[in-house]
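The file data08.json contains JSON, C-alpha atoms and all ligand atoms:
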[["chain", "number", "residue", "atom", "x", "y", "z"],
["A", 1, "MET", "CA", 10.03, 15.00, -10.88],
["A", 2, "GLU", "CA", 13.11, 15.14, -8.74],
["A", 3, "SER", "CA", 12.86, 14.08, -5.12],
["A", 4, "PRO", "CA", 13.34, 16.79, -2.49],
["A", 5, "PHE", "CA", 14.86, 14.17, -0.17],
["A", 6, "LYS", "CA", 18.53, 13.24, 0.02],
["A", 7, "SER", "CA", 19.30, 10.04, -1.83],
["A", 8, "ASP", "CA", 20.52, 8.22, 1.29],
["A", 9, "VAL", "CA", 17.53, 8.70, 3.62],
["A", 10, "LEU", "CA", 16.68, 4.98, 3.38],
["A", 11, "LYS", "CA", 20.25, 3.77, 3.04],
["A", 12, "GLY", "CA", 20.74, 0.19, 4.19],
["A", 13, "LYS", "CA", 17.01, -0.50, 4.63],
["A", 14, "VAL", "CA", 15.36, -3.60, 3.21],
["A", 15, "ALA", "CA", 11.75, -3.19, 2.11],
["A", 16, "LEU", "CA", 9.15, -5.74, 1.05],
["A", 17, "LEU", "CA", 6.21, -4.38, -0.93],
["A", 18, "THR", "CA", 3.08, -6.35, -1.77],
["A", 19, "GLY", "CA", 1.71, -5.14, -5.07],
["A", 20, "GLY", "CA", 5.14, -3.58, -5.53],
["A", 21, "GLY", "CA", 5.41, -4.47, -9.20],
["A", 22, "SER", "CA", 2.76, -2.15, -10.61],
["A", 23, "GLY", "CA", 0.92, 1.12, -10.06],
["A", 24, "ILE", "CA", 1.43, 2.99, -6.82],
["A", 25, "GLY", "CA", 3.32, 0.04, -5.33],
["A", 26, "PHE", "CA", 5.88, 0.13, -8.12],
["A", 27, "GLU", "CA", 6.45, 3.86, -7.72],
["A", 28, "ILE", "CA", 7.05, 3.36, -4.00],
["A", 29, "SER", "CA", 9.47, 0.51, -4.84],
["A", 30, "THR", "CA", 11.32, 2.82, -7.24],
["A", 31, "GLN", "CA", 11.54, 5.76, -4.86],
["A", 32, "PHE", "CA", 12.55, 3.56, -1.93],
["A", 33, "GLY", "CA", 15.34, 2.19, -4.15],
["A", 34, "LYS", "CA", 16.39, 5.65, -5.32],
["A", 35, "HIS", "CA", 16.71, 6.66, -1.67],
["A", 36, "GLY", "CA", 18.99, 3.80, -0.74],
["A", 37, "ALA", "CA", 16.75, 0.83, 0.08],
["A", 38, "SER", "CA", 16.92, -2.71, -1.27],
["A", 39, "VAL", "CA", 13.54, -3.79, -2.54],
["A", 40, "ALA", "CA", 11.65, -7.10, -2.63],
["A", 41, "ILE", "CA", 8.35, -7.07, -4.46],
["A", 42, "MET", "CA", 5.52, -9.58, -4.15],
["A", 43, "GLY", "CA", 2.79, -10.09, -6.71],
["A", 44, "ARG", "CA", 0.70, -12.71, -8.46],
["A", 45, "ARG", "CA", 1.96, -12.22, -12.01],
["A", 46, "ARG", "CA", 5.47, -13.45, -12.86],
["A", 47, "ASN", "CA", 5.76, -11.27, -15.98],
["A", 48, "VAL", "CA", 4.83, -8.11, -14.06],
["A", 49, "LEU", "CA", 7.40, -8.95, -11.39],
["A", 50, "ASP", "CA", 10.10, -9.66, -13.96],
["A", 51, "ASP", "CA", 9.50, -6.37, -15.78],
["A", 52, "ALA", "CA", 9.50, -4.46, -12.49],
["A", 53, "VAL", "CA", 12.70, -6.09, -11.23],
["A", 54, "PHE", "CA", 14.36, -5.38, -14.57],
["A", 55, "ALA", "CA", 13.34, -1.71, -14.38],
["A", 56, "LEU", "CA", 14.58, -1.40, -10.80],
["A", 57, "THR", "CA", 17.90, -3.14, -11.35],
["A", 58, "SER", "CA", 18.44, -0.99, -14.47],
["A", 59, "LEU", "CA", 18.42, 1.97, -12.09],
["A", 60, "GLY", "CA", 21.03, 0.25, -9.93],
["A", 61, "ILE", "CA", 18.50, -0.69, -7.25],
["A", 62, "PRO", "CA", 19.01, -4.07, -5.54],
["A", 63, "ALA", "CA", 15.68, -5.75, -6.29],
["A", 64, "VAL", "CA", 14.07, -9.18, -6.32],
["A", 65, "GLY", "CA", 10.57, -10.38, -7.15],
["A", 66, "PHE", "CA", 8.65, -13.16, -5.41],
["A", 67, "GLU", "CA", 5.46, -14.62, -6.81],
["A", 68, "GLY", "CA", 2.66, -14.94, -4.28],
["A", 69, "ASP", "CA", -0.91, -14.08, -3.34],
["A", 70, "VAL", "CA", -1.46, -12.22, -0.05],
["A", 71, "ARG", "CA", -4.63, -14.30, 0.43],
["A", 72, "ASN", "CA", -2.50, -17.39, 0.85],
["A", 73, "LEU", "CA", -0.83, -17.79, 4.26],
["A", 74, "GLU", "CA", 1.85, -20.11, 2.88],
["A", 75, "ASP", "CA", 2.72, -17.57, 0.18],
["A", 76, "ALA", "CA", 2.98, -14.81, 2.77],
["A", 77, "LYS", "CA", 5.28, -16.90, 4.99],
["A", 78, "ARG", "CA", 7.43, -18.01, 2.05],
["A", 79, "VAL", "CA", 7.85, -14.53, 0.58],
["A", 80, "VAL", "CA", 8.74, -12.90, 3.90],
["A", 81, "GLU", "CA", 11.29, -15.63, 4.57],
["A", 82, "ALA", "CA", 12.70, -15.47, 1.04],
["A", 83, "THR", "CA", 13.15, -11.71, 1.41],
["A", 84, "VAL", "CA", 15.12, -12.16, 4.62],
["A", 85, "ARG", "CA", 17.18, -14.96, 3.05],
["A", 86, "HIS", "CA", 17.92, -12.78, 0.02],
["A", 87, "PHE", "CA", 18.76, -9.48, 1.73],
["A", 88, "GLY", "CA", 19.63, -10.70, 5.25],
["A", 89, "LYS", "CA", 16.89, -8.78, 7.10],
["A", 90, "LEU", "CA", 13.60, -6.90, 6.78],
["A", 91, "ASP", "CA", 13.07, -3.29, 7.91],
["A", 92, "ILE", "CA", 9.99, -2.09, 6.05],
["A", 93, "LEU", "CA", 6.78, -3.80, 4.94],
["A", 94, "VAL", "CA", 4.49, -1.92, 2.55],
["A", 95, "ASN", "CA", 1.04, -3.39, 2.00],
["A", 96, "ALA", "CA", 0.00, -2.04, -1.40],
["A", 97, "ALA", "CA", -1.73, -5.07, -2.91],
["A", 98, "ALA", "CA", -5.41, -4.42, -3.53],
["A", 99, "GLY", "CA", -8.38, -5.58, -5.55],
["A", 100, "ASN", "CA", -11.16, -3.44, -6.88],
["A", 101, "PHE", "CA", -14.12, -3.13, -9.24],
["A", 102, "LEU", "CA", -17.15, -0.87, -9.44],
["A", 103, "VAL", "CA", -20.42, -2.59, -8.58],
["A", 104, "ALA", "CA", -23.73, -1.60, -7.01],
["A", 105, "ALA", "CA", -24.22, -3.20, -3.59],
["A", 106, "GLU", "CA", -27.33, -5.04, -4.75],
["A", 107, "ASP", "CA", -25.37, -6.65, -7.58],
["A", 108, "LEU", "CA", -22.33, -7.60, -5.48],
["A", 109, "SER", "CA", -22.26, -11.23, -4.41],
["A", 110, "PRO", "CA", -21.12, -12.01, -0.88],
["A", 111, "ASN", "CA", -18.16, -13.78, -2.45],
["A", 112, "GLY", "CA", -17.28, -10.64, -4.40],
["A", 113, "PHE", "CA", -17.37, -8.69, -1.12],
["A", 114, "LYS", "CA", -15.27, -11.33, 0.60],
["A", 115, "THR", "CA", -12.73, -11.41, -2.24],
["A", 116, "VAL", "CA", -11.82, -7.75, -1.76],
["A", 117, "MET", "CA", -11.84, -8.07, 2.03],
["A", 118, "ASP", "CA", -9.52, -11.06, 1.68],
["A", 119, "ILE", "CA", -7.04, -9.29, -0.58],
["A", 120, "ASP", "CA", -7.01, -5.87, 1.10],
["A", 121, "SER", "CA", -7.76, -6.42, 4.79],
["A", 122, "VAL", "CA", -6.99, -10.04, 5.60],
["A", 123, "GLY", "CA", -4.00, -9.91, 3.23],
["A", 124, "THR", "CA", -2.62, -6.88, 5.04],
["A", 125, "PHE", "CA", -3.03, -8.53, 8.44],
["A", 126, "THR", "CA", -1.46, -11.76, 7.21],
["A", 127, "MET", "CA", 1.60, -9.98, 5.84],
["A", 128, "CYS", "CA", 2.02, -7.92, 9.02],
["A", 129, "HIS", "CA", 1.67, -11.05, 11.13],
["A", 130, "GLU", "CA", 4.27, -12.99, 9.14],
["A", 131, "ALA", "CA", 6.69, -10.06, 9.02],
["A", 132, "LEU", "CA", 6.50, -9.26, 12.75],
["A", 133, "LYS", "CA", 9.36, -11.40, 13.97],
["A", 134, "TYR", "CA", 11.73, -9.82, 11.45],
["A", 135, "LEU", "CA", 10.54, -6.27, 12.05],
["A", 136, "LYS", "CA", 11.23, -6.54, 15.80],
["A", 137, "LYS", "CA", 14.61, -4.95, 16.37],
["A", 138, "ASP", "CA", 15.06, -4.16, 20.02],
["A", 139, "GLY", "CA", 12.81, -6.79, 21.54],
["A", 140, "PRO", "CA", 9.98, -6.33, 24.04],
["A", 141, "GLY", "CA", 10.05, -3.35, 26.36],
["A", 142, "LYS", "CA", 12.96, -1.65, 24.65],
["A", 143, "ALA", "CA", 11.20, 1.02, 22.69],
["A", 144, "SER", "CA", 13.61, 3.75, 21.57],
["A", 145, "SER", "CA", 13.12, 7.07, 19.85],
["A", 146, "THR", "CA", 15.85, 6.46, 17.32],
["A", 147, "GLY", "CA", 13.63, 5.05, 14.60],
["A", 148, "ALA", "CA", 15.60, 1.82, 14.88],
["A", 149, "GLY", "CA", 12.55, -0.41, 14.90],
["A", 150, "GLY", "CA", 10.83, -1.69, 11.80],
["A", 151, "LEU", "CA", 8.11, 0.06, 9.87],
["A", 152, "ILE", "CA", 4.81, -0.97, 8.31],
["A", 153, "LEU", "CA", 3.05, 1.22, 5.76],
["A", 154, "ASN", "CA", -0.49, 0.31, 4.77],
["A", 155, "ILE", "CA", -2.05, 1.83, 1.67],
["A", 156, "SER", "CA", -5.76, 2.49, 2.13],
["A", 157, "ALA", "CA", -8.02, 5.16, 0.57],
["A", 158, "THR", "CA", -10.37, 8.01, 1.50],
["A", 159, "LEU", "CA", -13.53, 6.28, 0.20],
["A", 160, "HIS", "CA", -14.69, 5.22, 3.65],
["A", 161, "TYR", "CA", -14.33, 8.67, 5.27],
["A", 162, "THR", "CA", -17.76, 9.36, 3.87],
["A", 163, "ALA", "CA", -19.53, 6.93, 1.52],
["A", 164, "SER", "CA", -18.73, 6.05, -2.06],
["A", 165, "TRP", "CA", -20.98, 4.90, -4.86],
["A", 166, "TYR", "CA", -20.49, 1.27, -5.92],
["A", 167, "GLN", "CA", -17.54, 0.79, -3.60],
["A", 168, "ILE", "CA", -19.12, -0.84, -0.56],
["A", 169, "HIS", "CA", -16.62, -3.71, -0.59],
["A", 170, "VAL", "CA", -13.58, -1.49, -1.01],
["A", 171, "SER", "CA", -14.80, 1.06, 1.56],
["A", 172, "ALA", "CA", -15.26, -1.72, 4.10],
["A", 173, "ALA", "CA", -11.87, -3.23, 3.25],
["A", 174, "LYS", "CA", -10.00, 0.07, 3.45],
["A", 175, "ALA", "CA", -11.74, 0.99, 6.73],
["A", 176, "ALA", "CA", -10.50, -2.31, 8.13],
["A", 177, "ILE", "CA", -6.97, -1.54, 6.94],
["A", 178, "ASP", "CA", -7.04, 1.79, 8.79],
["A", 179, "ALA", "CA", -8.21, -0.04, 11.91],
["A", 180, "LEU", "CA", -5.30, -2.47, 11.55],
["A", 181, "THR", "CA", -2.91, 0.45, 11.21],
["A", 182, "ARG", "CA", -4.05, 2.06, 14.43],
["A", 183, "ASN", "CA", -4.25, -1.13, 16.47],
["A", 184, "LEU", "CA", -0.89, -2.48, 15.35],
["A", 185, "ALA", "CA", 0.67, 0.95, 15.96],
["A", 186, "LEU", "CA", -0.57, 0.76, 19.52],
["A", 187, "GLU", "CA", 0.48, -2.82, 20.23],
["A", 188, "TRP", "CA", 3.67, -3.15, 18.19],
["A", 189, "GLY", "CA", 4.78, 0.45, 18.63],
["A", 190, "THR", "CA", 4.64, 0.03, 22.38],
["A", 191, "ASP", "CA", 6.05, -3.47, 22.55],
["A", 192, "TYR", "CA", 8.54, -3.55, 19.69],
["A", 193, "ASP", "CA", 9.26, 0.01, 18.51],
["A", 194, "ILE", "CA", 7.62, -0.82, 15.18],
["A", 195, "ARG", "CA", 5.94, 2.20, 13.62],
["A", 196, "VAL", "CA", 2.74, 1.41, 11.73],
["A", 197, "ASN", "CA", 1.35, 4.14, 9.50],
["A", 198, "GLY", "CA", -1.00, 4.46, 6.56],
["A", 199, "ILE", "CA", -1.28, 6.48, 3.40],
["A", 200, "ALA", "CA", -4.71, 7.21, 1.95],
["A", 201, "PRO", "CA", -4.36, 8.14, -1.71],
["A", 202, "GLY", "CA", -7.00, 10.13, -3.56],
["A", 203, "PRO", "CA", -7.45, 9.69, -7.31],
["A", 204, "ILE", "CA", -4.01, 9.06, -8.72],
["A", 205, "GLY", "CA", -3.41, 9.28, -12.47],
["A", 206, "ASP", "CA", -2.15, 6.37, -14.51],
["A", 207, "THR", "CA", -3.23, 3.61, -12.11],
["A", 208, "ALA", "CA", -5.47, 0.56, -12.45],
["A", 209, "GLY", "CA", -7.58, 1.95, -9.61],
["A", 210, "LEU", "CA", -8.29, 5.17, -11.46],
["A", 211, "SER", "CA", -9.16, 3.62, -14.80],
["A", 212, "LYS", "CA", -11.49, 1.20, -13.01],
["A", 213, "LEU", "CA", -13.10, 3.81, -10.76],
["A", 214, "LEU", "CA", -13.04, 7.04, -12.68],
["A", 215, "PRO", "CA", -13.98, 6.64, -16.31],
["A", 216, "ASP", "CA", -13.40, 9.83, -18.39],
["A", 217, "GLU", "CA", -16.91, 11.22, -18.27],
["A", 218, "ILE", "CA", -16.99, 11.02, -14.44],
["A", 219, "GLY", "CA", -13.45, 12.34, -14.31],
["A", 220, "ASN", "CA", -14.29, 15.64, -16.00],
["A", 221, "LYS", "CA", -17.19, 16.32, -13.65],
["A", 222, "THR", "CA", -15.13, 15.44, -10.60],
["A", 223, "ARG", "CA", -12.40, 17.88, -11.58],
["A", 224, "ASP", "CA", -14.92, 20.75, -11.13],
["A", 225, "TYR", "CA", -14.81, 20.33, -7.38],
["A", 226, "MET", "CA", -11.30, 19.06, -6.86],
["A", 227, "PRO", "CA", -9.46, 21.69, -4.81],
["A", 228, "LEU", "CA", -6.21, 21.34, -6.73],
["A", 229, "TYR", "CA", -8.00, 20.81, -10.07],
["A", 230, "LYS", "CA", -5.86, 17.87, -10.98],
["A", 231, "LEU", "CA", -5.26, 14.24, -10.25],
["A", 232, "GLY", "CA", -2.47, 13.19, -7.97],
["A", 233, "GLU", "CA", 0.60, 11.43, -9.27],
["A", 234, "LYS", "CA", 2.05, 8.15, -8.11],
["A", 235, "TRP", "CA", 5.09, 10.24, -7.18],
["A", 236, "ASP", "CA", 3.02, 12.12, -4.57],
["A", 237, "ILE", "CA", 2.21, 8.87, -2.79],
["A", 238, "ALA", "CA", 5.79, 7.63, -3.02],
["A", 239, "MET", "CA", 7.14, 10.87, -1.52],
["A", 240, "ALA", "CA", 4.76, 10.49, 1.43],
["A", 241, "ALA", "CA", 6.04, 6.92, 1.80],
["A", 242, "VAL", "CA", 9.69, 8.01, 1.73],
["A", 243, "TYR", "CA", 8.97, 10.67, 4.35],
["A", 244, "LEU", "CA", 7.15, 8.24, 6.66],
["A", 245, "ALA", "CA", 9.83, 5.56, 6.19],
["A", 246, "SER", "CA", 12.73, 7.91, 6.83],
["A", 247, "ASP", "CA", 13.96, 9.09, 10.22],
["A", 248, "ALA", "CA", 12.03, 12.32, 9.58],
["A", 249, "GLY", "CA", 8.97, 10.27, 10.50],
["A", 250, "LYS", "CA", 10.42, 8.68, 13.63],
["A", 251, "TYR", "CA", 7.75, 10.10, 15.95],
["A", 252, "ILE", "CA", 4.88, 9.31, 13.60],
["A", 253, "ASN", "CA", 3.01, 6.16, 14.58],
["A", 254, "GLY", "CA", -0.60, 5.18, 13.97],
["A", 255, "SER", "CA", -1.16, 8.04, 11.53],
["A", 256, "ILE", "CA", -3.01, 7.73, 8.25],
["A", 257, "LEU", "CA", -1.95, 10.46, 5.87],
["A", 258, "PRO", "CA", -4.48, 11.39, 3.19],
["A", 259, "VAL", "CA", -2.65, 12.36, 0.00],
["A", 260, "ASP", "CA", -5.54, 13.60, -2.10],
["A", 261, "GLY", "CA", -5.16, 17.38, -2.48],
["A", 262, "GLY", "CA", -7.98, 17.79, 0.06],
["A", 263, "LEU", "CA", -10.49, 16.13, -2.23],
["A", 264, "TRP", "CA", -12.31, 14.04, 0.34],
["A", 265, "LEU", "CA", -13.45, 17.08, 2.32],
["A", 266, "SER", "CA", -14.52, 19.19, -0.63],
["A", 267, "HIS", "CA", -17.99, 19.88, -2.02],
["A", 268, "PRO", "CA", -19.20, 21.53, -5.22],
["A", 269, "ARG", "CA", -19.47, 25.35, -4.98],
["A", 270, "HIS", "CA", -23.02, 26.73, -4.86],
["B", 301, "LIG", "C1", -19.04, -7.73, -9.68],
["B", 301, "LIG", "C2", -17.23, -9.14, -9.43],
["B", 301, "LIG", "C3", -16.49, -8.36, -10.37],
["B", 301, "LIG", "C4", -17.14, -7.22, -10.97],
["B", 301, "LIG", "C5", -15.23, -10.01, -9.68],
["B", 301, "LIG", "N1", -16.40, -10.12, -9.03],
["B", 301, "LIG", "N2", -15.25, -8.93, -10.48],
["B", 301, "LIG", "N3", -18.49, -8.83, -9.09],
["B", 301, "LIG", "N4", -18.39, -6.94, -10.58],
["B", 301, "LIG", "N5", -16.51, -6.45, -11.85],
["B", 301, "LIG", "C6", -16.79, -11.17, -8.12],
["B", 301, "LIG", "C7", -16.89, -12.49, -8.85],
["B", 301, "LIG", "O1", -18.15, -12.62, -9.47],
["B", 301, "LIG", "C8", -16.69, -13.52, -7.73],
["B", 301, "LIG", "O2", -17.87, -13.69, -6.96],
["B", 301, "LIG", "C9", -15.68, -12.82, -6.84],
["B", 301, "LIG", "O3", -15.77, -11.40, -7.13],
["B", 301, "LIG", "C10", -14.27, -13.29, -7.11],
["B", 301, "LIG", "O4", -13.97, -13.06, -8.48],
["B", 301, "LIG", "P1", -12.67, -13.69, -9.19],
["B", 301, "LIG", "O5", -12.65, -13.16, -10.57],
["B", 301, "LIG", "O6", -12.66, -15.18, -8.98],
["B", 301, "LIG", "O7", -11.53, -13.09, -8.29],
["B", 301, "LIG", "P2", -9.97, -12.99, -8.57],
["B", 301, "LIG", "O8", -9.61, -13.69, -9.85],
["B", 301, "LIG", "O9", -9.31, -13.42, -7.34],
["B", 301, "LIG", "O10", -9.75, -11.44, -8.85],
["B", 301, "LIG", "C11", -9.79, -10.50, -7.82],
["B", 301, "LIG", "C12", -10.40, -9.20, -8.33],
["B", 301, "LIG", "C13", -9.63, -8.67, -9.54],
["B", 301, "LIG", "C14", -10.38, -8.18, -7.21],
["B", 301, "LIG", "C15", -11.82, -9.48, -8.74],
["B", 301, "LIG", "O11", -10.21, -7.48, -10.01],
["B", 301, "LIG", "C16", -8.19, -8.46, -9.25],
["B", 301, "LIG", "O12", -7.41, -9.39, -9.17],
["B", 301, "LIG", "N6", -7.75, -7.24, -9.06],
["B", 301, "LIG", "C17", -6.34, -6.95, -8.71],
["B", 301, "LIG", "C18", -5.89, -5.75, -9.38],
["B", 301, "LIG", "C19", -6.70, -4.54, -9.02],
["B", 301, "LIG", "O13", -7.92, -4.53, -9.03],
["B", 301, "LIG", "N7", -6.01, -3.46, -8.76],
["B", 301, "LIG", "C20", -6.67, -2.20, -8.57],
["B", 301, "LIG", "C21", -6.58, -1.82, -7.19],
["B", 301, "LIG", "S1", -7.14, -0.18, -7.08],
["B", 301, "LIG", "P3", -18.89, -14.95, -7.26],
["B", 301, "LIG", "O14", -19.99, -14.76, -6.26],
["B", 301, "LIG", "O15", -19.35, -14.79, -8.67],
["B", 301, "LIG", "O16", -18.11, -16.20, -7.03],
["B", 301, "LIG", "C22", -7.58, 0.14, -5.56],
["B", 301, "LIG", "C23", -8.00, 1.55, -5.38],
["B", 301, "LIG", "C24", -8.80, 1.73, -4.15],
["B", 301, "LIG", "O17", -7.57, -0.69, -4.73],
["B", 301, "LIG", "C25", -9.49, 3.06, -4.02],
["B", 301, "LIG", "C26", -8.96, 4.20, -4.79],
["B", 301, "LIG", "C27", -9.68, 5.51, -4.58]]
Can you dump the structure from the file as structure tokens?
Ligand code: HXC
Amino acid sequence: MESPFKSDVLKGKVALLTGGGSGIGFEISTQFGKHGASVAIMGRRRNVLDDAVFALTSLGIPAVGFEGDVRNLEDAKRVVEATVRHFGKLDILVNAAAGNFLVAAEDLSPNGFKTVMDIDSVGTFTMCHEALKYLKKDGPGKASSTGAGGLILNISATLHYTASWYQIHVSAAKAAIDALTRNLALEWGTDYDIRVNGIAPGPIGDTAGLSKLLPDEIGNKTRDYMPLYKLGEKWDIAMAAVYLASDAGKYINGSILPVDGGLWLSHPRH
């Protein structure tokens, strides 16, 4: 689907995306590139990165892939620095890396819980922390309304707005991400003109998350009470990201935008 945004809304921006080589992260990488940004992607699998970089550069998008695990502080530091060395600066950090599996709470080991917290929540904080010095543009006390400061976009979910079966670890991890978004928006928005926002995707077709979480038989039942009677597309999330990253979003800070067709607040008819 064609983008409703002009192709230069992110012109000159440099973005680093964790999990940017596959799924929702890759679609955001692609759309950022199509709207003028240069894109660095971070992931654990070299072959996934290589394929993604090839696809992006084939579209004429300046792109580079760096291998790394967001759970590893040294990896985070190295990838942020390599991005700045490669493109000369960093304007946008997107935290899209995530881990997930369906498991009943009583069968989930504490290490399984910790693993998802480490990837999603601690990983997001670590990346934000390492990127901070490059995202600062105007320096302390010089907040402007020009959108000149850096931007952080954290991808969470809507699972934790209520409660979700067999997702206690992910609900906790995504709730923590939303807390990071709000707290960093307050501190870094005020001090450094860095906007920190979140996107909370609903069920998005053709993603690892969906095939893990919504097997076909559950999918059909769920569609009965989905307000828009369809799954979202990765494109829907990427368009929200382009909007928030562009100057159109310059007054938006600390917001978490659900992009789920209203699913989280719906109930079956009776
Ligand atoms: C129960 C499990 C498990 C499972 C792993 N564990 N898989 N427990 N059921 N299916 C437990 C292990 O037993 C172990 O605990 C601990 O978790 C660590 O497992 P490892 O396999 O060593 O972890 P690792 O190799 O680091 O892999 C991380 C992972 C994996 C999260 C388990 O699935 C992964 O790498 N995923 C990345 C890709 C991904 O999932 N993307 C989808 C994101 S979708 P013990 O106690 O045995 O040592 C998404 C959508 C969110 O985030 C919501 C949408 C609505």
*Residues at most 9 Å from ligand LIG 301 (chain B), using all atoms listed in the file? Could they come as a VMD selection string?*
chain A and resid 19 23 44 96 to 104 107 to 116 119 to 120 155 to 159 167 170 to 171 174 200 to 204 207 to 214
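Checking A:Val70, A:Val80, A:Met239, A:Val122 one by one against Gln31 in chain A, counting all atoms listed in the file, you find the shortest gap at A:Met239.
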*Given the choices A:Ile168, A:Ala175, A:Ala40, A:Val84, which gets closest to Ser121 in chain A if the distance is worked out from only C-alpha atoms?*
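When distances to Ser121 in chain A are compared using only C-alpha atoms, the smallest one comes from A:Ala175.
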With all atoms listed in the file counted and 10 Å as the cut-off, give the residues of range 9-110 of chain A in contact with range 245-261 of chain A, each with its shortest interatomic distance in Å and the pair that gives it, as CSV.
residue,atom,partner,partner_atom,distance
A:Val9,CA,A:Ser246,CA,5.8
A:Leu10,CA,A:Ser246,CA,6.0
A:Lys11,CA,A:Ser246,CA,9.4
A:Lys13,CA,A:Ala245,CA,9.5
A:Ala15,CA,A:Ala245,CA,9.8
A:Phe32,CA,A:Ala245,CA,8.8
A:His35,CA,A:Ser246,CA,9.5
A:Asp91,CA,A:Ala245,CA,9.6
A:Ile92,CA,A:Ala245,CA,7.7
A:Leu93,CA,A:Ala245,CA,9.9
A:Val94,CA,A:Ala245,CA,9.9
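Candidate residues A:Gly198, A:Pro268, A:Gly65, A:Gly262 were compared for distance to Ile237 in chain A, and the nearest is A:Gly198, using all atoms listed in the file.
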*At what distance in Å, to one decimal, does CA of Gly21 in chain A lie from CA of Val53 in chain A?*
7.7 Å
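Closest approach to Asn47 in chain A from the set A:Glu67, A:Tyr161, A:Lys34, A:Leu265 is made by A:Glu67, with distances taken over all atoms listed in the file.
You will find CA of Ser7 in chain A at 6.3 Å from CA of Gly36 in chain A.
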*Between CA of Ala179 in chain A and CA of Arg195 in chain A, what is the distance, to one decimal in Å?*
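That distance, rounded to one decimal, is 14.4 Å.
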*Would you mind telling me which residue in A:Lys234, A:Lys77, A:Arg45, A:Arg269 lies nearest to Met127 in chain A when using all atoms listed in the file?*
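Using all atoms listed in the file, Met127 in chain A sits closest to A:Lys77.
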